[in-house]
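Here is the structure we will look at.
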Amino acid sequence: MVLGGSLHWIFHPERRKRIEEKVAKQEAENAARNKLEELYPYGVQFLQDSLKQQVVKEFFDNAGEVKSFNLQPHSFHTYTAVIDTNKQVTVIQKDEVVLNAELQNEQLHGRIEYEPSSTGGKTAKVINGKVFFSMTFHPKLKIKEHECSVLYDKKESSYLYFKYPYRSSLWNDSNQIEAPKEIRKIVEDNIVKKGKYSLYWKTVDEKLVSLSYVKHGLVDTVPIEVYSIYK
């Protein structure tokens with residue numbers, strides 16, 4: 001009688017329904033959590049990279065000016081965005097400016113499928129099968145400085161490049177290099193007198209910003225700028 005009563009309690013329709021609903025709810029939450037764990041890192045990285053490319057593009061398109069972002073130290077912008085299962089990222093809001101009211105409404109009022117109780121500083125949740133998230137972006141431009149030297153032999157019409165600015169003790173085969181193609185093109189268009197030269201150039205995101213050279217002789221001369229995006 002006890003066994004039969006236990007089986008009746010376990011398989012009672014209402015009890016079974018509650019168990020099935022609990023299992024289905026847990027499975028749905030697990031699926032949503034997996035979706036967040038998959039899409040959230042990709043969405044943040046994609047948006048960070050896209051914004052960085054936007055800053056760099058504006059820098060080169062506008063002769064070194066970046067008007068859409070504040071490049072002062074410690075400046076930042078706050079973005080709200082969404083990424084769907086096709087990994088399509090859409091920005092909803094930048095700082096206080098709403099860019100997509102429909103998606104903002106969905107973010108604020110849609111049914112939450114999963115939201116971590118402990119986010120570790122992350123702000124993200126799954127709503128209607130999409131991951132909504134917020135992030136900050138610090139717009140920075142890292143200008144890298146480079147240097148090397150070149151020996152031009154007019155008689156042979158040859159240019160030999162070396163790792164360092166001109167120092168007679170460093171000019172040997174072990175320090176010879178293959179200079180970047182863009183640098184070689186500019187140098188060989190502008191340096192047409194036999195001699196020893198030091199080269200100095202700057203890049204942002206591997207793209208050339210400026211290039212100058214110094215010709216060495218009895219007296220070193222002032223660097224001559226032969227390329228600059230600022231002009």
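Labels for the structure tokens follow display order: chains A, B, ..., residues from 1 in each chain, ligands from 1.
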Helix (DSSP H, G or I) call set, DSSP backbone run, stretch 102-189 of chain A, as a list in words: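 Here are the helix (DSSP H, G or I) residues of stretch 102-189 of chain A: Glu102, Leu103, Gln104, Asn105, Glu106, Gln107, Leu108, His109, Ser168, Ser169, Leu170, Asp173, Ser174, Asn175, Lys181, Glu182, Ile183, Arg184, Lys185, Ile186, Val187, Glu188 and Asp189 of chain A.
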Written selection (N, CA, C and O atoms) as a PDB file, in the first residue's frame:
```pdb
ATOM      1  N   GLU A 102      13.246  51.302 -31.188  1.00  0.00           N
ATOM      2  CA  GLU A 102      12.534  50.021 -31.167  1.00  0.00           C
ATOM      3  C   GLU A 102      13.307  48.976 -30.371  1.00  0.00           C
ATOM      4  O   GLU A 102      12.743  48.270 -29.525  1.00  0.00           O
ATOM      5  N   LEU A 103      14.604  48.886 -30.622  1.00  0.00           N
ATOM      6  CA  LEU A 103      15.417  47.921 -29.894  1.00  0.00           C
ATOM      7  C   LEU A 103      15.606  48.334 -28.435  1.00  0.00           C
ATOM      8  O   LEU A 103      15.685  47.475 -27.547  1.00  0.00           O
ATOM      9  N   GLN A 104      15.652  49.627 -28.182  1.00  0.00           N
ATOM     10  CA  GLN A 104      15.742  50.071 -26.791  1.00  0.00           C
ATOM     11  C   GLN A 104      14.493  49.666 -26.016  1.00  0.00           C
ATOM     12  O   GLN A 104      14.576  49.214 -24.870  1.00  0.00           O
ATOM     13  N   ASN A 105      13.334  49.795 -26.658  1.00  0.00           N
ATOM     14  CA  ASN A 105      12.074  49.395 -26.015  1.00  0.00           C
ATOM     15  C   ASN A 105      12.084  47.890 -25.727  1.00  0.00           C
ATOM     16  O   ASN A 105      11.634  47.445 -24.666  1.00  0.00           O
ATOM     17  N   GLU A 106      12.594  47.103 -26.680  1.00  0.00           N
ATOM     18  CA  GLU A 106      12.683  45.657 -26.471  1.00  0.00           C
ATOM     19  C   GLU A 106      13.632  45.341 -25.316  1.00  0.00           C
ATOM     20  O   GLU A 106      13.348  44.460 -24.494  1.00  0.00           O
ATOM     21  N   GLN A 107      14.735  46.071 -25.242  1.00  0.00           N
ATOM     22  CA  GLN A 107      15.690  45.850 -24.169  1.00  0.00           C
ATOM     23  C   GLN A 107      15.083  46.180 -22.799  1.00  0.00           C
ATOM     24  O   GLN A 107      15.320  45.480 -21.813  1.00  0.00           O
ATOM     25  N   LEU A 108      14.299  47.235 -22.738  1.00  0.00           N
ATOM     26  CA  LEU A 108      13.739  47.695 -21.466  1.00  0.00           C
ATOM     27  C   LEU A 108      12.516  46.895 -21.031  1.00  0.00           C
ATOM     28  O   LEU A 108      12.280  46.723 -19.832  1.00  0.00           O
ATOM     29  N   HIS A 109      11.737  46.398 -22.008  1.00  0.00           N
ATOM     30  CA  HIS A 109      10.444  45.796 -21.654  1.00  0.00           C
ATOM     31  C   HIS A 109      10.259  44.361 -22.140  1.00  0.00           C
ATOM     32  O   HIS A 109       9.238  43.740 -21.841  1.00  0.00           O
ATOM     33  N   SER A 168      78.300  54.571 -38.061  1.00  0.00           N
ATOM     34  CA  SER A 168      79.221  53.816 -38.902  1.00  0.00           C
ATOM     35  C   SER A 168      79.489  52.421 -38.350  1.00  0.00           C
ATOM     36  O   SER A 168      79.646  51.455 -39.099  1.00  0.00           O
ATOM     37  N   SER A 169      79.495  52.290 -37.005  1.00  0.00           N
ATOM     38  CA  SER A 169      79.808  50.988 -36.410  1.00  0.00           C
ATOM     39  C   SER A 169      78.679  49.976 -36.597  1.00  0.00           C
ATOM     40  O   SER A 169      78.882  48.778 -36.421  1.00  0.00           O
ATOM     41  N   LEU A 170      77.482  50.464 -36.919  1.00  0.00           N
ATOM     42  CA  LEU A 170      76.325  49.576 -37.053  1.00  0.00           C
ATOM     43  C   LEU A 170      76.043  49.194 -38.489  1.00  0.00           C
ATOM     44  O   LEU A 170      75.172  48.378 -38.759  1.00  0.00           O
ATOM     45  N   ASP A 173      76.494  43.881 -42.654  1.00  0.00           N
ATOM     46  CA  ASP A 173      75.480  42.993 -43.230  1.00  0.00           C
ATOM     47  C   ASP A 173      74.513  42.435 -42.200  1.00  0.00           C
ATOM     48  O   ASP A 173      73.340  42.195 -42.506  1.00  0.00           O
ATOM     49  N   SER A 174      74.964  42.232 -40.970  1.00  0.00           N
ATOM     50  CA  SER A 174      74.087  41.630 -39.962  1.00  0.00           C
ATOM     51  C   SER A 174      72.933  42.558 -39.581  1.00  0.00           C
ATOM     52  O   SER A 174      71.906  42.110 -39.069  1.00  0.00           O
ATOM     53  N   ASN A 175      73.095  43.856 -39.820  1.00  0.00           N
ATOM     54  CA  ASN A 175      72.051  44.825 -39.482  1.00  0.00           C
ATOM     55  C   ASN A 175      71.219  45.248 -40.691  1.00  0.00           C
ATOM     56  O   ASN A 175      70.370  46.131 -40.584  1.00  0.00           O
ATOM     57  N   LYS A 181      57.512  48.304 -47.751  1.00  0.00           N
ATOM     58  CA  LYS A 181      57.363  48.694 -49.157  1.00  0.00           C
ATOM     59  C   LYS A 181      56.970  50.165 -49.304  1.00  0.00           C
ATOM     60  O   LYS A 181      57.489  50.886 -50.166  1.00  0.00           O
ATOM     61  N   GLU A 182      56.050  50.629 -48.465  1.00  0.00           N
ATOM     62  CA  GLU A 182      55.597  52.020 -48.540  1.00  0.00           C
ATOM     63  C   GLU A 182      56.740  52.984 -48.252  1.00  0.00           C
ATOM     64  O   GLU A 182      56.870  54.035 -48.894  1.00  0.00           O
ATOM     65  N   ILE A 183      57.590  52.615 -47.286  1.00  0.00           N
ATOM     66  CA  ILE A 183      58.746  53.451 -46.947  1.00  0.00           C
ATOM     67  C   ILE A 183      59.722  53.485 -48.111  1.00  0.00           C
ATOM     68  O   ILE A 183      60.231  54.545 -48.496  1.00  0.00           O
ATOM     69  N   ARG A 184      60.004  52.332 -48.690  1.00  0.00           N
ATOM     70  CA  ARG A 184      60.954  52.270 -49.815  1.00  0.00           C
ATOM     71  C   ARG A 184      60.483  53.130 -50.973  1.00  0.00           C
ATOM     72  O   ARG A 184      61.274  53.845 -51.603  1.00  0.00           O
ATOM     73  N   LYS A 185      59.197  53.083 -51.267  1.00  0.00           N
ATOM     74  CA  LYS A 185      58.652  53.857 -52.403  1.00  0.00           C
ATOM     75  C   LYS A 185      58.882  55.352 -52.184  1.00  0.00           C
ATOM     76  O   LYS A 185      59.354  56.067 -53.089  1.00  0.00           O
ATOM     77  N   ILE A 186      58.565  55.849 -50.985  1.00  0.00           N
ATOM     78  CA  ILE A 186      58.721  57.278 -50.705  1.00  0.00           C
ATOM     79  C   ILE A 186      60.198  57.674 -50.705  1.00  0.00           C
ATOM     80  O   ILE A 186      60.580  58.706 -51.270  1.00  0.00           O
ATOM     81  N   VAL A 187      61.035  56.859 -50.075  1.00  0.00           N
ATOM     82  CA  VAL A 187      62.474  57.147 -50.022  1.00  0.00           C
ATOM     83  C   VAL A 187      63.056  57.206 -51.426  1.00  0.00           C
ATOM     84  O   VAL A 187      63.781  58.135 -51.794  1.00  0.00           O
ATOM     85  N   GLU A 188      62.731  56.219 -52.218  1.00  0.00           N
ATOM     86  CA  GLU A 188      63.346  56.123 -53.540  1.00  0.00           C
ATOM     87  C   GLU A 188      62.787  57.145 -54.527  1.00  0.00           C
ATOM     88  O   GLU A 188      63.376  57.394 -55.570  1.00  0.00           O
ATOM     89  N   ASP A 189      61.651  57.764 -54.167  1.00  0.00           N
ATOM     90  CA  ASP A 189      61.134  58.877 -54.967  1.00  0.00           C
ATOM     91  C   ASP A 189      61.761  60.207 -54.564  1.00  0.00           C
ATOM     92  O   ASP A 189      61.718  61.171 -55.326  1.00  0.00           O
TER      93      ASP A 189
END
```
Within 10 Å of A:His138 using only C-alpha atoms, minus same-chain residues under 5 positions, as a list in words: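 Within the cut-off, the hits are Gln48, Leu51, Lys52, Phe69, Asn70, Leu71, Gln72, Pro73, His74, Ser75, Phe76, His77 and Thr78 of chain A.
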Keeping only N, CA, C and O atoms, take the residues you just selected and write them out as an mmCIF file, in the first residue's frame.
```cif
data_model
loop_
_atom_site.group_PDB
_atom_site.id
_atom_site.type_symbol
_atom_site.label_atom_id
_atom_site.label_comp_id
_atom_site.auth_asym_id
_atom_site.auth_seq_id
_atom_site.Cartn_x
_atom_site.Cartn_y
_atom_site.Cartn_z
ATOM 1 N N GLN A 48 34.120 46.843 -30.117
ATOM 2 C CA GLN A 48 35.372 47.535 -29.792
ATOM 3 C C GLN A 48 36.232 47.709 -31.047
ATOM 4 O O GLN A 48 36.761 48.789 -31.314
ATOM 5 N N LEU A 51 34.676 50.273 -33.547
ATOM 6 C CA LEU A 51 34.841 51.659 -33.105
ATOM 7 C C LEU A 51 36.293 52.116 -33.260
ATOM 8 O O LEU A 51 36.551 53.258 -33.660
ATOM 9 N N LYS A 52 37.228 51.216 -32.958
ATOM 10 C CA LYS A 52 38.640 51.548 -33.141
ATOM 11 C C LYS A 52 38.930 51.851 -34.610
ATOM 12 O O LYS A 52 39.615 52.834 -34.942
ATOM 13 N N PHE A 69 34.985 61.650 -31.748
ATOM 14 C CA PHE A 69 35.362 61.090 -30.457
ATOM 15 C C PHE A 69 36.258 62.068 -29.709
ATOM 16 O O PHE A 69 37.053 62.774 -30.306
ATOM 17 N N ASN A 70 36.130 62.058 -28.405
ATOM 18 C CA ASN A 70 37.017 62.852 -27.558
ATOM 19 C C ASN A 70 38.252 62.011 -27.262
ATOM 20 O O ASN A 70 38.171 60.985 -26.584
ATOM 21 N N LEU A 71 39.409 62.420 -27.777
ATOM 22 C CA LEU A 71 40.631 61.642 -27.619
ATOM 23 C C LEU A 71 41.450 62.059 -26.398
ATOM 24 O O LEU A 71 42.583 61.620 -26.236
ATOM 25 N N GLN A 72 40.867 62.895 -25.532
ATOM 26 C CA GLN A 72 41.591 63.296 -24.335
ATOM 27 C C GLN A 72 41.813 62.090 -23.422
ATOM 28 O O GLN A 72 40.996 61.155 -23.408
ATOM 29 N N PRO A 73 42.925 62.081 -22.681
ATOM 30 C CA PRO A 73 43.177 60.953 -21.761
ATOM 31 C C PRO A 73 42.002 60.732 -20.814
ATOM 32 O O PRO A 73 41.374 61.681 -20.350
ATOM 33 N N HIS A 74 41.694 59.480 -20.571
ATOM 34 C CA HIS A 74 40.642 59.052 -19.640
ATOM 35 C C HIS A 74 39.227 59.312 -20.164
ATOM 36 O O HIS A 74 38.253 59.103 -19.435
ATOM 37 N N SER A 75 39.102 59.775 -21.398
ATOM 38 C CA SER A 75 37.753 59.957 -21.947
ATOM 39 C C SER A 75 37.197 58.605 -22.367
ATOM 40 O O SER A 75 37.937 57.683 -22.712
ATOM 41 N N PHE A 76 35.873 58.474 -22.335
ATOM 42 C CA PHE A 76 35.251 57.227 -22.754
ATOM 43 C C PHE A 76 33.804 57.490 -23.175
ATOM 44 O O PHE A 76 33.218 58.534 -22.882
ATOM 45 N N HIS A 77 33.248 56.526 -23.904
ATOM 46 C CA HIS A 77 31.845 56.560 -24.297
ATOM 47 C C HIS A 77 31.187 55.263 -23.843
ATOM 48 O O HIS A 77 31.819 54.208 -23.807
ATOM 49 N N THR A 78 29.918 55.345 -23.489
ATOM 50 C CA THR A 78 29.160 54.170 -23.068
ATOM 51 C C THR A 78 28.192 53.783 -24.182
ATOM 52 O O THR A 78 27.424 54.620 -24.666
#
```
Within 7 Å of stretch 36-38 of chain A using only C-alpha atoms, minus same-chain residues under 3 positions, as a list of chain:residue names: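 What passes the distance filter is A:Ala32, A:Arg33, A:Pro41, A:Val126, A:Val131.
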Keeping only C-alpha atoms, write the selected residues to a file as a tab-separated table (two decimals), in the first residue's frame.
```tsv
chain	number	residue	atom	x	y	z
A	32	ALA	CA	19.84	31.23	-22.93
A	33	ARG	CA	22.90	31.17	-20.66
A	41	PRO	CA	32.38	38.14	-25.82
A	126	VAL	CA	19.18	37.49	-23.12
A	131	VAL	CA	21.93	39.26	-26.22
```
Residue nearest A:Tyr200 among A:Val226, A:Ala179, A:Ala124, A:Cys148 (counting only C-alpha atoms):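 Closest candidate: A:Cys148.
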Filtered DSSP result for stretch 18-203 of chain A, state strand (DSSP E or B), as an NGL selection string: :A and (77-83 or 89-94 or 97-98 or 112-114 or 123-127 or 130-137 or 143-153 or 158-162 or 176-177 or 195-203)
Surrounding residues of A:Lys194 excluding itself and chain neighbours under 2 positions, 12 Å, only C-alpha atoms, as an NGL selection string: :A and (150-160 or 188 or 190-192 or 196-197 or 215-217)
Within 8 Å of A:Thr85 using only C-alpha atoms, minus same-chain residues under 5 positions, as an NGL selection string: :A and (39 or 129-130)
Would you export the selected residues with all heavy atoms as an mmCIF file, in the first residue's frame, please?
```cif
data_model
loop_
_atom_site.group_PDB
_atom_site.id
_atom_site.type_symbol
_atom_site.label_atom_id
_atom_site.label_comp_id
_atom_site.auth_asym_id
_atom_site.auth_seq_id
_atom_site.Cartn_x
_atom_site.Cartn_y
_atom_site.Cartn_z
ATOM 1 N N LEU A 39 27.779 34.560 -27.346
ATOM 2 C CA LEU A 39 27.646 35.773 -28.142
ATOM 3 C C LEU A 39 28.190 37.025 -27.463
ATOM 4 O O LEU A 39 28.655 37.940 -28.147
ATOM 5 C CB LEU A 39 26.176 35.989 -28.510
ATOM 6 C CG LEU A 39 25.532 34.932 -29.412
ATOM 7 C CD1 LEU A 39 24.069 35.268 -29.667
ATOM 8 C CD2 LEU A 39 26.290 34.820 -30.734
ATOM 9 N N GLY A 129 15.777 35.805 -27.470
ATOM 10 C CA GLY A 129 16.787 35.108 -28.254
ATOM 11 C C GLY A 129 17.974 35.960 -28.671
ATOM 12 O O GLY A 129 18.831 35.502 -29.419
ATOM 13 N N LYS A 130 18.040 37.205 -28.195
ATOM 14 C CA LYS A 130 19.156 38.105 -28.519
ATOM 15 C C LYS A 130 19.865 38.527 -27.250
ATOM 16 O O LYS A 130 19.247 38.593 -26.184
ATOM 17 C CB LYS A 130 18.634 39.338 -29.278
ATOM 18 C CG LYS A 130 18.085 39.031 -30.668
ATOM 19 C CD LYS A 130 17.403 40.238 -31.289
ATOM 20 C CE LYS A 130 16.016 40.434 -30.739
ATOM 21 N NZ LYS A 130 15.225 41.413 -31.510
#
```
